>>> print(open('entry_17.pdb').read())   # PDB, C-alpha atoms
ATOM      1  CA  MET K   7      11.431  -7.298  -9.561
ATOM      2  CA  ALA K   8      15.198  -6.905  -9.249
ATOM      3  CA  PHE K   9      14.661  -5.433  -5.786
ATOM      4  CA  CYS K  10      12.706  -8.534  -4.701
ATOM      5  CA  ASN K  11      15.390 -10.818  -6.134
ATOM      6  CA  LYS K  12      18.090  -8.983  -4.215
ATOM      7  CA  ILE K  13      16.116  -9.250  -0.957
ATOM      8  CA  GLY K  14      15.647 -12.978  -1.531
ATOM      9  CA  THR K  15      19.339 -13.468  -2.205
ATOM     10  CA  LEU K  16      20.343 -11.554   0.926
ATOM     11  CA  LEU K  17      17.868 -13.477   3.077
ATOM     12  CA  ARG K  18      19.106 -16.821   1.727
ATOM     13  CA  GLN K  19      22.698 -15.787   2.469
ATOM     14  CA  SER K  20      21.714 -14.709   5.979
ATOM     15  CA  ILE K  21      19.917 -17.998   6.611
ATOM     16  CA  SER K  22      22.763 -20.141   5.273
ATOM     17  CA  ALA K  23      25.390 -18.177   7.240
ATOM     18  CA  ASN K  24      23.507 -18.454  10.527
ATOM     19  CA  GLY K  25      21.802 -21.786   9.974
ATOM     20  CA  THR K  26      18.472 -20.165  10.792
ATOM     21  CA  LEU K  27      16.843 -16.796  10.383
ATOM     22  CA  HIS K  28      16.661 -15.253  13.845
ATOM     23  CA  GLY K  29      13.338 -13.413  13.718
ATOM     24  CA  GLN K  30      12.549 -10.036  12.188
ATOM     25  CA  THR K  31      15.880  -8.533  13.225
ATOM     26  CA  ALA K  32      17.933 -10.570  10.752
ATOM     27  CA  MET K  33      15.543  -9.775   7.913
ATOM     28  CA  ASN K  34      15.543  -6.056   8.747
ATOM     29  CA  ASN K  35      19.329  -6.019   8.915
ATOM     30  CA  ALA K  36      19.601  -7.795   5.557
ATOM     31  CA  ILE K  37      17.315  -5.230   3.957
ATOM     32  CA  ARG K  38      18.990  -2.321   5.728
ATOM     33  CA  TYR K  39      22.468  -3.287   4.528
ATOM     34  CA  MET K  40      21.395  -3.256   0.893
ATOM     35  CA  SER K  41      19.847   0.195   1.028
ATOM     36  CA  THR K  42      21.659   2.928  -0.840
ATOM     37  CA  LYS K  43      19.076   5.650  -0.183
ATOM     38  CA  LEU K  44      19.302   7.693   3.010
ATOM     39  CA  PHE K  45      16.694   9.904   4.653
ATOM     40  CA  ILE K  46      18.130  13.174   5.959
ATOM     41  CA  GLY K  47      15.956  14.974   8.517
ATOM     42  CA  GLY K  48      16.329  18.228  10.414
ATOM     43  CA  LEU K  49      17.714  20.189   7.469
ATOM     44  CA  SER K  50      17.869  23.961   7.719
ATOM     45  CA  PHE K  51      15.618  25.809   5.334
ATOM     46  CA  GLY K  52      18.726  27.209   3.637
ATOM     47  CA  THR K  53      19.972  23.763   2.567
ATOM     48  CA  ASP K  54      19.518  23.081  -1.147
ATOM     49  CA  ASP K  55      20.212  20.052  -3.356
ATOM     50  CA  GLN K  56      23.802  21.081  -4.102
ATOM     51  CA  SER K  57      24.805  21.784  -0.491
ATOM     52  CA  LEU K  58      23.260  18.442   0.547
ATOM     53  CA  ARG K  59      25.258  16.683  -2.187
ATOM     54  CA  ASP K  60      28.439  18.498  -1.131
ATOM     55  CA  ALA K  61      27.981  17.410   2.496
ATOM     56  CA  PHE K  62      27.742  13.724   1.542
ATOM     57  CA  CYS K  63      30.012  13.362  -1.514
ATOM     58  CA  SER K  64      33.097  12.588   0.580
ATOM     59  CA  PHE K  65      31.561   9.200   1.489
ATOM     60  CA  GLY K  66      31.207   7.951  -2.075
ATOM     61  CA  ASP K  67      29.489   8.488  -5.400
ATOM     62  CA  VAL K  68      26.247  10.406  -4.780
ATOM     63  CA  VAL K  69      23.742   9.423  -7.460
ATOM     64  CA  GLU K  70      21.130  11.939  -6.315
ATOM     65  CA  ALA K  71      20.704  14.452  -3.497
ATOM     66  CA  ARG K  72      17.306  16.058  -3.170
ATOM     67  CA  VAL K  73      15.785  18.436  -0.642
ATOM     68  CA  ILE K  74      12.005  18.039  -0.547
ATOM     69  CA  THR K  75      10.128  21.294  -1.040
ATOM     70  CA  ASP K  76       6.548  22.368  -0.514
ATOM     71  CA  ARG K  77       4.753  22.261  -3.857
ATOM     72  CA  ASP K  78       2.830  25.481  -3.166
ATOM     73  CA  THR K  79       5.515  27.713  -1.645
ATOM     74  CA  GLY K  80       8.705  26.103  -2.990
ATOM     75  CA  ARG K  81      10.187  26.297   0.522
ATOM     76  CA  SER K  82      12.165  23.385   1.952
ATOM     77  CA  ARG K  83      10.164  20.993   4.111
ATOM     78  CA  GLY K  84      13.260  20.340   6.248
ATOM     79  CA  PHE K  85      14.152  16.889   4.963
ATOM     80  CA  GLY K  86      15.659  15.242   1.935
ATOM     81  CA  PHE K  87      17.203  12.115   0.477
ATOM     82  CA  VAL K  88      20.692  11.155  -0.635
ATOM     83  CA  ASN K  89      21.136   8.150  -2.900
ATOM     84  CA  PHE K  90      24.557   6.499  -3.165
ATOM     85  CA  SER K  91      25.865   4.122  -5.810
ATOM     86  CA  THR K  92      26.920   1.508  -3.227
ATOM     87  CA  ASP K  93      25.637   0.137   0.072
ATOM     88  CA  GLU K  94      29.038   0.683   1.670
ATOM     89  CA  SER K  95      29.030   4.399   0.857
ATOM     90  CA  ALA K  96      25.531   4.804   2.267
ATOM     91  CA  ASN K  97      26.402   2.946   5.472
ATOM     92  CA  SER K  98      29.569   4.955   6.065
ATOM     93  CA  ALA K  99      27.699   8.225   5.453
ATOM     94  CA  LEU K 100      24.972   7.174   7.873
ATOM     95  CA  SER K 101      27.493   6.301  10.586
ATOM     96  CA  ALA K 102      29.498   9.487  10.159
ATOM     97  CA  MET K 103      26.762  12.067   9.555
ATOM     98  CA  ASP K 104      23.926  11.070  11.901
ATOM     99  CA  GLY K 105      23.716  13.768  14.591
ATOM    100  CA  GLN K 106      26.275  16.036  12.901
ATOM    101  CA  GLU K 107      25.761  19.718  12.176
ATOM    102  CA  LEU K 108      24.895  20.876   8.672
ATOM    103  CA  ASN K 109      24.185  24.563   8.003
ATOM    104  CA  GLY K 110      23.582  25.261  11.691
ATOM    105  CA  ARG K 111      21.267  22.291  12.423
ATOM    106  CA  ASN K 112      21.951  18.814  13.779
ATOM    107  CA  ILE K 113      20.713  16.400  11.132
ATOM    108  CA  ARG K 114      19.234  12.931  11.495
ATOM    109  CA  VAL K 115      20.359  10.321   8.994
ATOM    110  CA  SER K 116      18.689   6.942   8.547
ATOM    111  CA  HIS K 117      17.960   4.429   5.832
ATOM    112  CA  ALA K 118      15.020   5.570   3.727
ATOM    113  CA  ASN K 119      11.883   3.451   3.814
ATOM    114  CA  GLU K 120      10.184   2.758   0.520
ATOM    115  CA  ARG K 121       6.726   4.272   0.350
ATOM    116  CA  PRO K 122       3.995   1.948  -0.818
ATOM    117  CA  PRO K 123       2.496   2.995  -4.146
ATOM    118  CA  ARG K 124      -0.431   5.340  -3.819
ATOM    119  CA  SER K 125      -3.798   4.350  -5.109
ATOM    120  CA  ASN K 126      -6.703   6.607  -5.948
ATOM    121  CA  PHE K 127      -9.038   3.638  -6.061
ATOM    122  CA  GLY K 128     -12.313   4.721  -4.519
ATOM    123  CA  ASN K 129     -11.344   8.384  -4.772
ATOM    124  CA  PRO K 130     -10.857   9.039  -8.494
ATOM    125  CA  GLY K 131     -10.693  12.822  -8.305
ATOM    126  CA  GLY K 132      -8.259  13.005  -5.451
ATOM    127  CA  PHE K 133     -10.192  15.491  -3.299
ATOM    128  CA  ARG K 134     -13.583  14.722  -1.760
ATOM    129  CA  GLY K 135     -14.404  12.330  -4.529
ATOM    130  CA  GLY K 136     -13.393  14.785  -7.213
ATOM    131  CA  TYR K 137     -16.927  15.450  -8.337
ATOM    132  CA  GLY K 138     -19.144  18.411  -7.608
ATOM    133  CA  ASN K 139     -18.116  21.607  -5.876
ATOM    134  CA  GLY K 140     -16.303  20.119  -2.885
ATOM    135  CA  SER K 141     -19.124  20.634  -0.445
ATOM    136  CA  ASN K 142     -21.215  17.955   1.134
ATOM    137  CA  ASP K 143     -24.522  19.411  -0.003
ATOM    138  CA  GLY K 144     -25.128  16.800  -2.697
ATOM    139  CA  TYR K 145     -24.111  18.825  -5.764
TER     140      TYR K 145
END
>>> encode(input="entry_17.pdb", output="structure tokens")
Amino acid sequence: MAFCNKIGTLLRQSISANGTLHGQTAMNNAIRYMSTKLFIGGLSFGTDDQSLRDAFCSFGDVVEARVITDRDTGRSRGFGFVNFSTDESANSALSAMDGQELNGRNIRVSHANERPPRSNFGNPGGFRGGYGNGSNDGY
């Protein structure tokens, strides 16, 4: 709810400053400027949470730095997220680090997009209906 309130406030400020809201671009920019979570892509498999934090801590207070790993193998999936305490820190990190080298790889930095909540409605077991033996033979 607080997230929605903040979006509304930013949109109202954008509209009042410009007189009108100029299409999707103004709304996207308003949302983008309030984002403190960055997506970091192209990470080397040797990058861990601490080295990711160390690479970004010079831009401000890093609340969380997390490299996403495969749940089966535990190996890095080559991307992660860095969450800053302020919008300004996130924006300066994005500007400075996008395209830079980290542990031998050029990384891509962008604002993270919120994933919509997952729903298992219609698929209660998660895999092929969750009932039976997983085959399509009716059992």
>>> resolve_selection(input="entry_17.pdb", expression="the PyMOL selection byres ((chain K and resi 64) around 12)", output="ChimeraX atom specification")
/K:58-63,65-68,90,95-96,98-99,102-103
>>> atom_distance(input="entry_17.pdb", atom1="CA of Glu94 in chain K", atom2="CA of Leu44 in chain K")
12.1 Å
>>> atom_distance(input="entry_17.pdb", atom1="CA of Asp93 in chain K", atom2="CA of Asn112 in chain K")
23.5 Å
>>> resolve_selection(input="entry_17.pdb", expression="the PyMOL selection byres ((chain K and resi 88) around 7)", output="compact mmCIF listing (two decimals) with C-alpha atoms, keeping the file's coordinate frame")
# COMPACT_ATOMS: atom_id res chain seq x y z
CA LYS K 43 19.08 5.65 -0.18
CA LEU K 44 19.30 7.69 3.01
CA PHE K 45 16.69 9.90 4.65
CA VAL K 68 26.25 10.41 -4.78
CA GLU K 70 21.13 11.94 -6.32
CA ALA K 71 20.70 14.45 -3.50
CA ARG K 72 17.31 16.06 -3.17
CA GLY K 86 15.66 15.24 1.94
CA PHE K 87 17.20 12.12 0.48
CA ASN K 89 21.14 8.15 -2.90
CA PHE K 90 24.56 6.50 -3.16
>>> residues_around(input="entry_17.pdb", residues="Arg81 in chain K", least_positions_apart="5", cutoff="8 Å", atoms="all atoms listed in the file", output="list in words")
Phe51, Thr75 and Asp76 of chain K
>>> atom_distance(input="entry_17.pdb", atom1="CA of Ser41 in chain K", atom2="CA of Glu107 in chain K")
23.2 Å
>>> axis_aligned_box(input="entry_17.pdb", around="range 108-113 of chain K", padding_each_side="4 Å", output="JSON")
{"center_x": 22.8, "center_y": 20.8, "center_z": 10.9, "size_x": 12.2, "size_y": 16.9, "size_z": 13.8}
>>> residues_around(input="entry_17.pdb", residues="Gly110 in chain K", least_positions_apart="6", cutoff="12 Å", atoms="only C-alpha atoms", output="list in words")
Gly48, Leu49, Ser50, Phe51, Gly52 and Thr53 of chain K
>>> closest_residue(input="entry_17.pdb", among="K:Phe85, K:Asn97, K:His117, K:Ser125", to="Ile46 in chain K", atoms="all atoms listed in the file")
K:Phe85
>>> closest_residue(input="entry_17.pdb", among="K:Leu100, K:Thr42, K:Asn109, K:Gly80", to="Ser57 in chain K", atoms="all atoms listed in the file")
K:Asn109
>>> closest_residue(input="entry_17.pdb", among="K:Asp104, K:Asp54, K:Val115, K:Glu120", to="Arg83 in chain K", atoms="all atoms listed in the file")
K:Asp54
